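Engineer: The following file, model24.tsv, comprises TSV, C-alpha atoms:
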```tsv
chain	number	residue	atom	x	y	z
P	258	MET	CA	-20.93	44.07	-17.84
P	259	ASN	CA	-20.32	42.33	-14.57
P	260	ALA	CA	-19.51	38.97	-16.10
P	261	PRO	CA	-15.71	39.35	-16.46
P	262	VAL	CA	-15.43	40.49	-12.84
P	263	LEU	CA	-17.39	37.45	-11.70
P	264	ILE	CA	-15.20	35.12	-13.70
P	265	GLN	CA	-12.07	36.73	-12.31
P	266	SER	CA	-13.23	36.43	-8.73
P	267	GLY	CA	-13.76	32.75	-9.32
P	268	LEU	CA	-10.16	32.16	-10.34
P	269	SER	CA	-8.07	30.34	-7.81
P	270	ARG	CA	-4.92	32.00	-6.65
P	271	PRO	CA	-2.35	29.40	-5.70
P	272	GLY	CA	-0.89	29.87	-2.28
P	273	GLN	CA	-3.72	32.10	-1.10
P	274	GLY	CA	-6.77	31.16	0.86
P	275	LEU	CA	-5.62	27.56	1.13
P	276	ALA	CA	-4.06	27.71	4.56
P	277	PRO	CA	-6.20	24.89	6.01
P	278	GLU	CA	-4.90	22.55	3.29
P	279	ALA	CA	-1.44	22.44	4.87
P	280	GLU	CA	-2.94	21.35	8.17
P	281	ASP	CA	-5.26	18.76	6.66
P	282	VAL	CA	-3.33	15.69	7.69
P	283	TRP	CA	-4.53	12.17	8.32
P	284	THR	CA	-3.12	9.89	10.96
P	285	VAL	CA	-2.64	6.15	10.98
P	286	ALA	CA	-1.11	4.26	13.89
P	287	GLY	CA	0.05	7.53	15.44
P	288	ARG	CA	1.84	8.77	12.32
P	289	SER	CA	0.53	11.77	10.40
P	290	PHE	CA	0.74	12.24	6.66
P	291	ARG	CA	-0.08	15.17	4.41
P	292	SER	CA	-0.43	13.17	1.22
P	293	ARG	CA	-3.64	11.21	0.95
P	294	LEU	CA	-2.33	9.09	-1.86
P	295	ILE	CA	-0.47	5.84	-1.25
P	296	VAL	CA	1.11	4.36	-4.35
P	297	GLY	CA	2.19	0.84	-5.15
P	298	THR	CA	5.58	-0.07	-6.58
P	299	GLY	CA	4.58	-2.99	-8.80
P	300	LYS	CA	4.18	-3.30	-12.58
P	301	TYR	CA	6.37	-0.35	-13.55
P	302	LYS	CA	8.70	-0.79	-16.50
P	303	ASP	CA	11.57	0.08	-14.20
P	304	TYR	CA	12.24	1.41	-10.72
P	305	ALA	CA	13.33	4.83	-12.03
P	306	THR	CA	9.92	5.43	-13.60
P	307	ASN	CA	8.35	4.13	-10.44
P	308	ALA	CA	10.27	6.61	-8.29
P	309	ALA	CA	9.47	9.51	-10.62
P	310	ALA	CA	5.76	8.63	-10.64
P	311	ALA	CA	5.68	8.36	-6.85
P	312	GLU	CA	7.32	11.78	-6.62
P	313	ALA	CA	4.86	13.24	-9.12
P	314	ALA	CA	2.01	11.74	-7.10
P	315	GLY	CA	3.34	13.49	-3.99
P	316	ALA	CA	3.14	10.17	-2.17
P	317	GLU	CA	4.63	9.78	1.30
P	318	ILE	CA	3.85	6.06	1.62
P	319	VAL	CA	4.58	3.31	-0.91
P	320	THR	CA	3.56	-0.32	-0.69
P	321	VAL	CA	6.29	-2.90	-1.15
P	322	ALA	CA	6.34	-6.68	-1.47
P	323	LEU	CA	8.67	-9.16	0.20
P	324	ARG	CA	10.23	-11.80	-2.02
P	325	ARG	CA	13.19	-14.15	-2.19
P	326	VAL	CA	16.49	-12.48	-3.07
P	327	ASN	CA	17.52	-13.41	-6.60
P	328	LEU	CA	20.73	-15.27	-5.78
P	329	SER	CA	21.54	-16.11	-9.39
P	330	ASP	CA	21.77	-12.45	-10.40
P	331	PRO	CA	22.75	-10.20	-7.48
P	332	SER	CA	23.37	-7.31	-9.90
P	333	GLN	CA	19.64	-6.77	-10.48
P	334	PRO	CA	18.40	-3.25	-9.61
P	335	MET	CA	17.19	-2.81	-6.05
P	336	LEU	CA	13.95	-1.05	-5.21
P	337	ALA	CA	15.57	0.80	-2.30
P	338	ASP	CA	18.16	2.39	-4.63
P	339	PHE	CA	15.38	4.19	-6.50
P	340	VAL	CA	12.34	4.41	-4.26
P	341	LYS	CA	14.36	5.40	-1.23
P	342	PRO	CA	13.16	4.44	2.24
P	343	GLU	CA	14.48	7.79	3.54
P	344	ARG	CA	12.03	9.57	1.25
P	345	PHE	CA	9.03	7.21	1.38
P	346	THR	CA	7.51	5.26	4.22
P	347	TYR	CA	7.56	1.63	3.15
P	348	LEU	CA	4.32	-0.22	3.75
P	349	PRO	CA	5.13	-3.93	3.44
P	350	ASN	CA	2.26	-5.98	2.06
P	351	THR	CA	1.35	-9.65	2.03
P	352	ALA	CA	0.41	-9.81	-1.64
P	353	GLY	CA	0.30	-13.38	-2.85
P	354	CYS	CA	-0.58	-14.83	0.55
P	355	PHE	CA	-3.59	-17.11	0.69
P	356	THR	CA	-3.48	-18.15	4.34
P	357	GLY	CA	-3.18	-16.28	7.60
P	358	GLU	CA	0.02	-18.16	8.42
P	359	ASP	CA	1.65	-17.09	5.14
P	360	ALA	CA	0.71	-13.49	5.82
P	361	VAL	CA	2.01	-13.50	9.37
P	362	ARG	CA	5.25	-15.19	8.30
P	363	THR	CA	5.74	-12.63	5.52
P	364	LEU	CA	5.19	-9.64	7.77
P	365	ARG	CA	7.44	-10.96	10.49
P	366	LEU	CA	10.18	-11.26	7.89
P	367	ALA	CA	9.35	-7.76	6.66
P	368	ARG	CA	9.73	-6.45	10.17
P	369	GLU	CA	13.12	-8.13	10.39
P	370	ALA	CA	14.19	-6.78	7.00
P	371	GLY	CA	13.35	-3.20	7.81
P	372	GLY	CA	11.86	-2.86	11.23
P	373	TRP	CA	8.39	-1.87	10.11
P	374	GLU	CA	5.46	-2.33	12.44
P	375	LEU	CA	3.02	-0.55	10.10
P	376	VAL	CA	1.99	-3.10	7.50
P	377	LYS	CA	-0.66	-3.90	4.93
P	378	LEU	CA	-2.44	-7.20	5.36
P	379	GLU	CA	-4.05	-8.92	2.43
P	380	VAL	CA	-5.07	-12.56	2.46
P	381	LEU	CA	-6.37	-13.55	-0.94
P	382	SER	CA	-9.04	-16.10	-1.77
P	383	GLN	CA	-8.38	-16.96	-5.42
P	384	THR	CA	-6.54	-15.53	-8.39
P	385	ARG	CA	-9.47	-14.78	-10.70
P	386	HIS	CA	-10.81	-11.83	-8.72
P	387	LEU	CA	-8.18	-11.52	-5.95
P	388	TYR	CA	-10.83	-10.62	-3.44
P	389	PRO	CA	-9.69	-11.20	0.10
P	390	ASP	CA	-10.75	-14.21	2.15
P	391	MET	CA	-12.28	-12.19	4.96
P	392	GLU	CA	-12.50	-15.00	7.50
P	393	GLU	CA	-8.80	-15.70	7.05
P	394	THR	CA	-8.00	-11.98	6.96
P	395	LEU	CA	-9.70	-11.42	10.31
P	396	ARG	CA	-7.86	-14.37	11.83
P	397	ALA	CA	-4.49	-13.12	10.54
P	398	LEU	CA	-5.27	-9.61	11.79
P	399	LYS	CA	-5.75	-10.91	15.32
P	400	LEU	CA	-2.44	-12.79	15.17
P	401	LEU	CA	-0.62	-9.70	13.92
P	402	VAL	CA	-2.18	-7.34	16.45
P	403	ALA	CA	-1.18	-9.74	19.23
P	404	ASP	CA	2.35	-9.65	17.80
P	405	GLY	CA	2.54	-5.85	18.02
P	406	PHE	CA	1.88	-4.92	14.40
P	407	GLN	CA	-0.12	-1.89	13.25
P	408	VAL	CA	-2.20	-3.36	10.49
P	409	MET	CA	-3.86	-1.66	7.54
P	410	VAL	CA	-6.27	-4.24	6.20
P	411	TYR	CA	-7.25	-4.87	2.60
P	412	CYS	CA	-10.85	-6.05	2.67
P	413	THR	CA	-14.03	-6.41	0.68
P	414	ASP	CA	-16.49	-3.51	0.82
P	415	ASP	CA	-18.52	-5.51	3.33
P	416	VAL	CA	-19.78	-3.02	5.92
P	417	VAL	CA	-20.22	-5.65	8.63
P	418	TYR	CA	-16.76	-7.15	8.16
P	419	ALA	CA	-15.24	-3.66	8.18
P	420	GLN	CA	-16.63	-3.21	11.67
P	421	LYS	CA	-15.26	-6.59	12.76
P	422	LEU	CA	-11.80	-5.59	11.52
P	423	GLN	CA	-11.96	-2.37	13.48
P	424	ASP	CA	-13.09	-4.21	16.59
P	425	ALA	CA	-10.12	-6.57	16.18
P	426	GLY	CA	-7.71	-3.63	16.20
P	427	ALA	CA	-7.13	-2.74	12.55
P	428	ALA	CA	-5.16	0.50	12.14
P	429	ALA	CA	-6.97	1.25	8.88
P	430	ILE	CA	-9.75	-0.28	6.80
P	431	MET	CA	-8.95	-0.59	3.10
P	432	PRO	CA	-11.90	-1.83	1.06
P	433	ALA	CA	-11.47	-2.83	-2.57
P	434	ALA	CA	-13.49	-0.57	-4.84
P	435	ALA	CA	-13.20	-3.20	-7.60
P	436	PRO	CA	-10.89	-6.16	-8.25
P	437	ILE	CA	-7.15	-5.47	-7.92
P	438	GLY	CA	-5.68	-4.23	-11.18
P	439	SER	CA	-9.06	-4.02	-12.91
P	440	GLY	CA	-9.31	-0.23	-13.06
P	441	LEU	CA	-13.10	-0.54	-12.96
P	442	GLY	CA	-13.58	2.27	-10.46
P	443	ILE	CA	-15.82	2.34	-7.42
P	444	GLN	CA	-18.49	-0.30	-7.84
P	445	ASN	CA	-20.43	0.26	-4.66
P	446	ARG	CA	-20.45	3.83	-3.44
P	447	VAL	CA	-23.09	3.10	-0.82
P	448	ASN	CA	-20.89	0.54	0.92
P	449	ILE	CA	-17.81	2.73	0.84
P	450	ARG	CA	-19.80	5.60	2.34
P	451	LEU	CA	-21.28	3.36	5.04
P	452	ILE	CA	-17.84	2.00	5.92
P	453	VAL	CA	-16.52	5.57	6.18
P	454	GLU	CA	-19.43	6.67	8.35
P	455	GLN	CA	-19.07	3.89	10.88
P	456	ALA	CA	-15.26	3.81	11.02
P	457	GLY	CA	-13.22	5.13	13.90
P	458	VAL	CA	-9.96	4.48	12.01
P	459	PRO	CA	-8.85	5.72	8.58
P	460	VAL	CA	-10.62	4.27	5.55
P	461	LEU	CA	-8.77	4.00	2.26
P	462	VAL	CA	-10.02	2.76	-1.05
P	463	ASP	CA	-7.49	0.13	-2.04
P	464	ALA	CA	-7.72	-1.51	-5.44
P	465	GLY	CA	-9.92	-0.82	-8.41
P	466	VAL	CA	-9.04	2.82	-9.07
P	467	GLY	CA	-8.59	3.21	-12.83
P	468	THR	CA	-8.19	6.90	-13.40
P	469	ALA	CA	-8.17	10.24	-11.62
P	470	SER	CA	-11.95	10.62	-11.30
P	471	ASP	CA	-12.18	7.30	-9.44
P	472	ALA	CA	-9.78	8.63	-6.81
P	473	THR	CA	-11.80	11.82	-6.57
P	474	VAL	CA	-15.02	9.89	-6.02
P	475	ALA	CA	-13.38	7.87	-3.24
P	476	MET	CA	-12.31	11.05	-1.50
P	477	GLU	CA	-15.70	12.70	-2.03
P	478	LEU	CA	-17.25	9.71	-0.25
P	479	GLY	CA	-15.14	10.66	2.76
P	480	CYS	CA	-12.23	8.27	2.50
P	481	ASP	CA	-9.11	9.39	4.33
P	482	ALA	CA	-6.84	8.36	1.48
P	483	VAL	CA	-6.56	6.28	-1.68
P	484	LEU	CA	-4.14	3.49	-2.52
P	485	THR	CA	-3.43	2.84	-6.16
P	486	ASN	CA	-0.82	0.98	-8.15
P	487	THR	CA	-1.93	-0.19	-11.58
P	488	ALA	CA	-3.76	3.01	-12.54
P	489	ILE	CA	-0.45	4.85	-12.42
P	490	ALA	CA	1.93	2.05	-13.41
P	491	GLU	CA	-0.03	1.03	-16.50
P	492	ALA	CA	-0.95	4.52	-17.71
P	493	LYS	CA	0.77	5.42	-20.99
P	494	ASP	CA	2.57	8.16	-19.07
P	495	PRO	CA	2.86	6.99	-15.45
P	496	ILE	CA	4.51	10.20	-14.25
P	497	ARG	CA	1.72	12.35	-15.64
P	498	MET	CA	-0.90	9.99	-14.19
P	499	GLY	CA	0.86	10.22	-10.83
P	500	ARG	CA	0.43	13.97	-11.02
P	501	ALA	CA	-3.20	13.60	-12.09
P	502	MET	CA	-3.88	11.31	-9.11
P	503	LYS	CA	-2.30	13.81	-6.75
P	504	HIS	CA	-4.66	16.53	-7.94
P	505	ALA	CA	-7.62	14.14	-8.04
P	506	VAL	CA	-7.19	13.19	-4.40
P	507	ILE	CA	-6.80	16.82	-3.35
P	508	ALA	CA	-9.89	17.79	-5.38
P	509	GLY	CA	-11.98	15.01	-3.87
P	510	ARG	CA	-10.85	15.81	-0.35
P	511	GLU	CA	-11.57	19.52	-0.78
P	512	ALA	CA	-14.99	18.78	-2.26
P	513	TYR	CA	-15.78	16.46	0.64
P	514	LEU	CA	-14.79	19.12	3.17
P	515	ALA	CA	-16.61	21.82	1.21
P	516	GLY	CA	-19.84	19.81	1.25
P	517	ARG	CA	-21.48	19.30	-2.10
P	518	MET	CA	-24.77	20.94	-3.12
P	519	PRO	CA	-27.86	18.78	-2.95
P	520	MET	CA	-28.90	17.05	-6.15
P	521	LYS	CA	-32.14	18.35	-7.67
P	522	ARG	CA	-34.52	16.79	-10.11
P	523	TYR	CA	-34.88	19.89	-12.30
P	524	ALA	CA	-32.94	22.92	-13.47
P	525	ASP	CA	-32.31	25.93	-11.26
P	526	PRO	CA	-30.94	28.93	-13.19
P	527	SER	CA	-27.69	30.41	-12.03
P	528	SER	CA	-28.42	33.88	-13.43
P	529	PRO	CA	-31.30	35.73	-11.78
P	530	LEU	CA	-34.48	35.86	-13.83
P	531	ALA	CA	-35.36	39.29	-12.36
P	532	GLY	CA	-34.34	42.30	-14.44
P	533	LEU	CA	-34.37	40.46	-17.77
P	534	ILE	CA	-34.65	42.86	-20.68
J	1153	MET	CA	27.38	-28.75	3.44
J	1154	ARG	CA	24.09	-29.04	1.63
J	1155	LEU	CA	21.48	-26.33	2.20
J	1156	VAL	CA	18.11	-25.68	0.63
J	1157	LEU	CA	18.50	-22.00	-0.15
J	1158	ASN	CA	15.40	-20.13	-1.33
J	1159	GLY	CA	13.96	-23.45	-2.40
J	1160	GLU	CA	17.04	-24.60	-4.35
J	1161	PRO	CA	19.54	-27.22	-3.13
J	1162	ARG	CA	23.00	-25.67	-2.86
J	1163	GLU	CA	26.41	-26.87	-1.70
J	1164	PHE	CA	28.55	-24.61	0.47
J	1165	GLU	CA	32.15	-25.27	1.42
J	1166	ARG	CA	32.58	-22.77	4.21
J	1167	ALA	CA	29.31	-21.46	5.57
J	1168	SER	CA	29.18	-22.56	9.14
J	1169	THR	CA	27.04	-19.64	10.30
J	1170	VAL	CA	24.32	-17.43	8.86
J	1171	ALA	CA	26.80	-14.55	8.87
J	1172	ALA	CA	29.26	-16.54	6.76
J	1173	LEU	CA	26.54	-17.59	4.34
J	1174	VAL	CA	25.24	-14.06	3.83
J	1175	GLU	CA	28.78	-12.84	3.28
J	1176	ALA	CA	29.56	-15.64	0.84
J	1177	LEU	CA	26.50	-14.64	-1.16
J	1178	GLY	CA	27.62	-11.02	-1.23
J	1179	LEU	CA	24.42	-9.69	0.30
J	1180	ASP	CA	23.92	-6.46	2.22
J	1181	THR	CA	22.78	-7.59	5.64
J	1182	ARG	CA	20.96	-4.30	6.23
J	1183	THR	CA	18.37	-5.00	3.53
J	1184	VAL	CA	17.60	-8.70	3.88
J	1185	ALA	CA	15.84	-10.96	6.34
J	1186	VAL	CA	16.84	-14.56	6.97
J	1187	GLU	CA	14.76	-17.51	8.00
J	1188	ARG	CA	16.29	-20.84	9.08
J	1189	ASN	CA	13.94	-23.81	9.14
J	1190	LEU	CA	10.93	-21.47	9.33
J	1191	GLU	CA	12.38	-19.45	12.20
J	1192	ILE	CA	13.51	-15.87	11.73
J	1193	VAL	CA	17.15	-15.30	12.50
J	1194	PRO	CA	17.52	-11.80	13.98
J	1195	ARG	CA	20.35	-9.81	12.44
J	1196	SER	CA	22.10	-9.65	15.79
J	1197	LEU	CA	22.32	-13.44	15.85
J	1198	TYR	CA	23.80	-14.06	12.37
J	1199	LEU	CA	27.23	-14.76	13.83
J	1200	ALA	CA	25.91	-16.96	16.60
J	1201	THR	CA	23.56	-19.00	14.42
J	1202	GLY	CA	25.24	-22.12	13.12
J	1203	LEU	CA	24.11	-23.96	10.00
J	1204	SER	CA	23.57	-27.70	9.71
J	1205	ASP	CA	23.39	-30.02	6.75
J	1206	GLY	CA	19.89	-29.98	5.27
J	1207	ASP	CA	18.87	-26.62	6.74
J	1208	ARG	CA	16.19	-24.78	4.80
J	1209	ILE	CA	17.20	-21.15	4.47
J	1210	GLU	CA	15.10	-18.31	3.09
J	1211	ILE	CA	16.66	-14.95	2.33
J	1212	VAL	CA	14.19	-12.24	1.36
J	1213	HIS	CA	14.10	-8.52	0.65
J	1214	PHE	CA	11.73	-5.86	-0.61
J	1215	ILE	CA	10.76	-5.53	-4.22
J	1216	GLY	CA	8.09	-3.52	-6.01
J	1217	GLY	CA	4.51	-4.47	-5.20
J	1218	GLY	CA	1.05	-3.03	-4.83
```
Show this structure as structure tokens.

Structural biologist:
Amino acid sequence: MNAPVLIQSGLSRPGQGLAPEAEDVWTVAGRSFRSRLIVGTGKYKDYATNAAAAEAAGAEIVTVALRRVNLSDPSQPMLADFVKPERFTYLPNTAGCFTGEDAVRTLRLAREAGGWELVKLEVLSQTRHLYPDMEETLRALKLLVADGFQVMVYCTDDVVYAQKLQDAGAAAIMPAAAPIGSGLGIQNRVNIRLIVEQAGVPVLVDAGVGTASDATVAMELGCDAVLTNTAIAEAKDPIRMGRAMKHAVIAGREAYLAGRMPMKRYADPSSPLAGLI
Amino acid sequence: MRLVLNGEPREFERASTVAALVEALGLDTRTVAVERNLEIVPRSLYLATGLSDGDRIEIVHFIGGG
């Protein structure tokens, strides 16, 4: 009766044998992070839930948007009172920008509001699918790089454009796995893998993650991290989904590093056939 | 003085500088950024930056976003 022993030896023992995990950091624009999950701060029912979900997700970076101050009601809750900039690195985005000029203007203001050089660029094409206008994105990237920004770039999963972004000085390449907020999961694994293979800067799947397994797949494809907002914010229990995403990203990263077994066309028994009674 | 503040026309009695305007609005200067006629006003220049009739002022800050 060897079976129980085998099962026991397969059990994981938290805190043991996982030493490399603590050192498995990723670096963008000279800053290293342990968490490979960036979370958005939009669409939550309130900032308190948002902060709790970001904590549960183990996130170290959160994306934030820049908007006009509501001058008619200054008593409205402030993001920074809940999702504290001392705890999370703010990654200002250019969500809602449709031209390079809008994006550059927004990020210059963001830099003035908080001093951030590390930013997320997204230049949208149209509202139906929210895919980026890559020509305009590349143009804006060049303007921002010339202005001293470290730019993480939201892009399509176009392998050729990903290379152009890197050549233009992008700090990270962030292809959409599916339309923003769609939760459809990774639509083109081949492209994500090719982008990862050719990249000399971090690659993050940004947009399209719907549930934990999508984040795992992204990490198994070799992405350095995953950015997700809606999948957590619009889960029935955002805090629990934050936790699920944390584990999903760790699982995918570990599986990627472990190196998966080859796929086979037919069965291959796990118990030896020799010695059968 | 008439300003266009965050896209809305507004009258201000005593707001001769950006610093005075921000104070009159009760805003925390550490968390906002100000643009005057499409040019960013650095925080260090709020006191020195005068306002003129018809100026277009944007005052922005961070909110939740993905």

Engineer: Quick one: residues within 7 Å of P:Glu379, all atoms listed in the file counted, chain neighbours fewer than 6 positions away excluded, as a CSV table (one decimal) with C-alpha atoms, in the frame of the given file?

Structural biologist:
```csv
chain,number,residue,atom,x,y,z
P,350,ASN,CA,2.3,-6.0,2.1
P,351,THR,CA,1.4,-9.6,2.0
P,352,ALA,CA,0.4,-9.8,-1.6
P,389,PRO,CA,-9.7,-11.2,0.1
P,394,THR,CA,-8.0,-12.0,7.0
P,410,VAL,CA,-6.3,-4.2,6.2
P,411,TYR,CA,-7.2,-4.9,2.6
```

Engineer: Please identify every residue of chain J that has at least one atom no more than 6 Å from any atom of chain P, counting only C-alpha atoms, and report them as a ChimeraX atom specification.

Structural biologist: /J:1183-1185,1211-1218

Engineer: What lies within 6 Å of J:Val1170 using all atoms listed in the file, ignoring chain neighbours under 3 positions off, as a ChimeraX atom specification?

Structural biologist: /J:1173,1198,1201

Engineer: Quick one, how far is atom CA of P:Val447 from atom CA of P:Gln383?

Structural biologist: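 Between atom CA of P:Val447 and atom CA of P:Gln383 the gap is 25.3 Å.
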
Engineer: Could you check which of P:Val506, P:Gly372, P:Met476, P:Ala428 is closest to J:Arg1182, using all atoms listed in the file?

Structural biologist: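 So, comparing all the options, the nearest one is P:Gly372.
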
Engineer: What gap, in Å, lies between atom CA of P:Arg396 and atom CA of P:Cys412?

Structural biologist: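 Calculated distance between atom CA of P:Arg396 and atom CA of P:Cys412 is 12.7 Å.
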
Engineer: Which polymer residues have any atom within 12 Å of an atom of J:Ala1167, counting all atoms listed in the file, with same-chain residues fewer than 6 positions away left out, as a list in words?

Structural biologist: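 Residues meeting the cut-off are Met1153, Arg1154, Leu1155, Leu1173, Val1174, Glu1175, Ala1176, Leu1177, Tyr1198, Leu1199, Thr1201, Gly1202, Leu1203, Ser1204, Asp1205 and Asp1207 of chain J.
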
Engineer: For P:Lys399, which residue out of P:Leu381, P:Cys480, P:Ala435, P:Val361 is the nearest one, using only C-alpha atoms?

Structural biologist: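 Checking each candidate against P:Lys399, we get P:Val361 as the closest.
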
Engineer: In the coordinates of the file, take the point (-10.6, 5.7, 0.6) and a cut-off of 12 Å; then, counting all atoms listed in the file, name each qualifying protein, DNA or RNA residue as a ChimeraX atom specification.

Structural biologist: /P:283,293-295,411-412,414,429-434,442-443,446,448-454,456,458-466,471-485,506,509-510,513

Engineer: Identify which of the residues P:Arg344, P:Arg291, P:Ser382, P:Asp338 lies closest to P:Thr356, counting only C-alpha atoms when measuring atom-to-atom distances.

Structural biologist: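 Smallest distance to P:Thr356 is found for P:Ser382.
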
Engineer: Between atom CA of P:Ala403 and atom CA of P:Glu374, what distance in Å does the model show, to one decimal?

Structural biologist: 12.0 Å

Engineer: How would stretch 297-304 of chain P look with all heavy atoms restored, written as a PDB file, in the frame of the given file?

Structural biologist:
```pdb
ATOM      1  N   GLY P 297       1.509   2.126  -5.103  1.00  0.00           N
ATOM      2  CA  GLY P 297       2.190   0.840  -5.150  1.00  0.00           C
ATOM      3  C   GLY P 297       3.480   0.956  -5.938  1.00  0.00           C
ATOM      4  O   GLY P 297       3.743   1.969  -6.595  1.00  0.00           O
ATOM      5  N   THR P 298       4.301  -0.088  -5.859  1.00  0.00           N
ATOM      6  CA  THR P 298       5.580  -0.070  -6.580  1.00  0.00           C
ATOM      7  C   THR P 298       5.703  -1.292  -7.499  1.00  0.00           C
ATOM      8  O   THR P 298       6.803  -1.692  -7.847  1.00  0.00           O
ATOM      9  CB  THR P 298       6.762  -0.038  -5.593  1.00  0.00           C
ATOM     10  OG1 THR P 298       6.658  -1.171  -4.702  1.00  0.00           O
ATOM     11  CG2 THR P 298       6.768   1.234  -4.761  1.00  0.00           C
ATOM     12  N   GLY P 299       4.555  -1.849  -7.894  1.00  0.00           N
ATOM     13  CA  GLY P 299       4.580  -2.990  -8.800  1.00  0.00           C
ATOM     14  C   GLY P 299       4.249  -2.584 -10.227  1.00  0.00           C
ATOM     15  O   GLY P 299       3.691  -1.507 -10.440  1.00  0.00           O
ATOM     16  N   LYS P 300       4.619  -3.419 -11.175  1.00  0.00           N
ATOM     17  CA  LYS P 300       4.180  -3.300 -12.580  1.00  0.00           C
ATOM     18  C   LYS P 300       4.821  -2.170 -13.373  1.00  0.00           C
ATOM     19  O   LYS P 300       4.455  -1.953 -14.519  1.00  0.00           O
ATOM     20  CB  LYS P 300       2.657  -3.147 -12.667  1.00  0.00           C
ATOM     21  CG  LYS P 300       1.868  -4.334 -12.111  1.00  0.00           C
ATOM     22  CD  LYS P 300       0.386  -4.068 -12.247  1.00  0.00           C
ATOM     23  CE  LYS P 300      -0.454  -5.231 -11.766  1.00  0.00           C
ATOM     24  NZ  LYS P 300      -1.875  -4.909 -11.715  1.00  0.00           N
ATOM     25  N   TYR P 301       5.712  -1.415 -12.784  1.00  0.00           N
ATOM     26  CA  TYR P 301       6.370  -0.350 -13.550  1.00  0.00           C
ATOM     27  C   TYR P 301       7.423  -0.966 -14.469  1.00  0.00           C
ATOM     28  O   TYR P 301       7.970  -2.021 -14.167  1.00  0.00           O
ATOM     29  CB  TYR P 301       7.035   0.661 -12.616  1.00  0.00           C
ATOM     30  CG  TYR P 301       6.047   1.578 -11.934  1.00  0.00           C
ATOM     31  CD1 TYR P 301       5.483   1.231 -10.727  1.00  0.00           C
ATOM     32  CD2 TYR P 301       5.667   2.772 -12.527  1.00  0.00           C
ATOM     33  CE1 TYR P 301       4.569   2.062 -10.101  1.00  0.00           C
ATOM     34  CE2 TYR P 301       4.760   3.615 -11.916  1.00  0.00           C
ATOM     35  CZ  TYR P 301       4.206   3.252 -10.700  1.00  0.00           C
ATOM     36  OH  TYR P 301       3.300   4.074 -10.097  1.00  0.00           O
ATOM     37  N   LYS P 302       7.718  -0.240 -15.559  1.00  0.00           N
ATOM     38  CA  LYS P 302       8.700  -0.790 -16.500  1.00  0.00           C
ATOM     39  C   LYS P 302      10.090  -0.814 -15.871  1.00  0.00           C
ATOM     40  O   LYS P 302      10.904  -1.660 -16.195  1.00  0.00           O
ATOM     41  CB  LYS P 302       8.669  -0.061 -17.834  1.00  0.00           C
ATOM     42  CG  LYS P 302       9.277   1.332 -17.874  1.00  0.00           C
ATOM     43  CD  LYS P 302       9.239   1.840 -19.335  1.00  0.00           C
ATOM     44  CE  LYS P 302       9.468   3.335 -19.444  1.00  0.00           C
ATOM     45  NZ  LYS P 302      10.835   3.762 -19.263  1.00  0.00           N
ATOM     46  N   ASP P 303      10.327   0.122 -14.962  1.00  0.00           N
ATOM     47  CA  ASP P 303      11.570   0.080 -14.200  1.00  0.00           C
ATOM     48  C   ASP P 303      11.402   0.907 -12.924  1.00  0.00           C
ATOM     49  O   ASP P 303      10.445   1.671 -12.783  1.00  0.00           O
ATOM     50  CB  ASP P 303      12.763   0.596 -15.023  1.00  0.00           C
ATOM     51  CG  ASP P 303      12.487   1.963 -15.629  1.00  0.00           C
ATOM     52  OD1 ASP P 303      12.088   2.866 -14.871  1.00  0.00           O
ATOM     53  OD2 ASP P 303      12.654   2.121 -16.853  1.00  0.00           O
ATOM     54  N   TYR P 304      12.349   0.733 -12.010  1.00  0.00           N
ATOM     55  CA  TYR P 304      12.240   1.410 -10.720  1.00  0.00           C
ATOM     56  C   TYR P 304      12.405   2.927 -10.847  1.00  0.00           C
ATOM     57  O   TYR P 304      11.882   3.690 -10.032  1.00  0.00           O
ATOM     58  CB  TYR P 304      13.282   0.852  -9.742  1.00  0.00           C
ATOM     59  CG  TYR P 304      12.922  -0.504  -9.158  1.00  0.00           C
ATOM     60  CD1 TYR P 304      13.907  -1.443  -8.878  1.00  0.00           C
ATOM     61  CD2 TYR P 304      11.600  -0.830  -8.864  1.00  0.00           C
ATOM     62  CE1 TYR P 304      13.589  -2.682  -8.314  1.00  0.00           C
ATOM     63  CE2 TYR P 304      11.278  -2.063  -8.310  1.00  0.00           C
ATOM     64  CZ  TYR P 304      12.268  -2.985  -8.037  1.00  0.00           C
ATOM     65  OH  TYR P 304      11.942  -4.197  -7.482  1.00  0.00           O
TER      66      TYR P 304
END
```
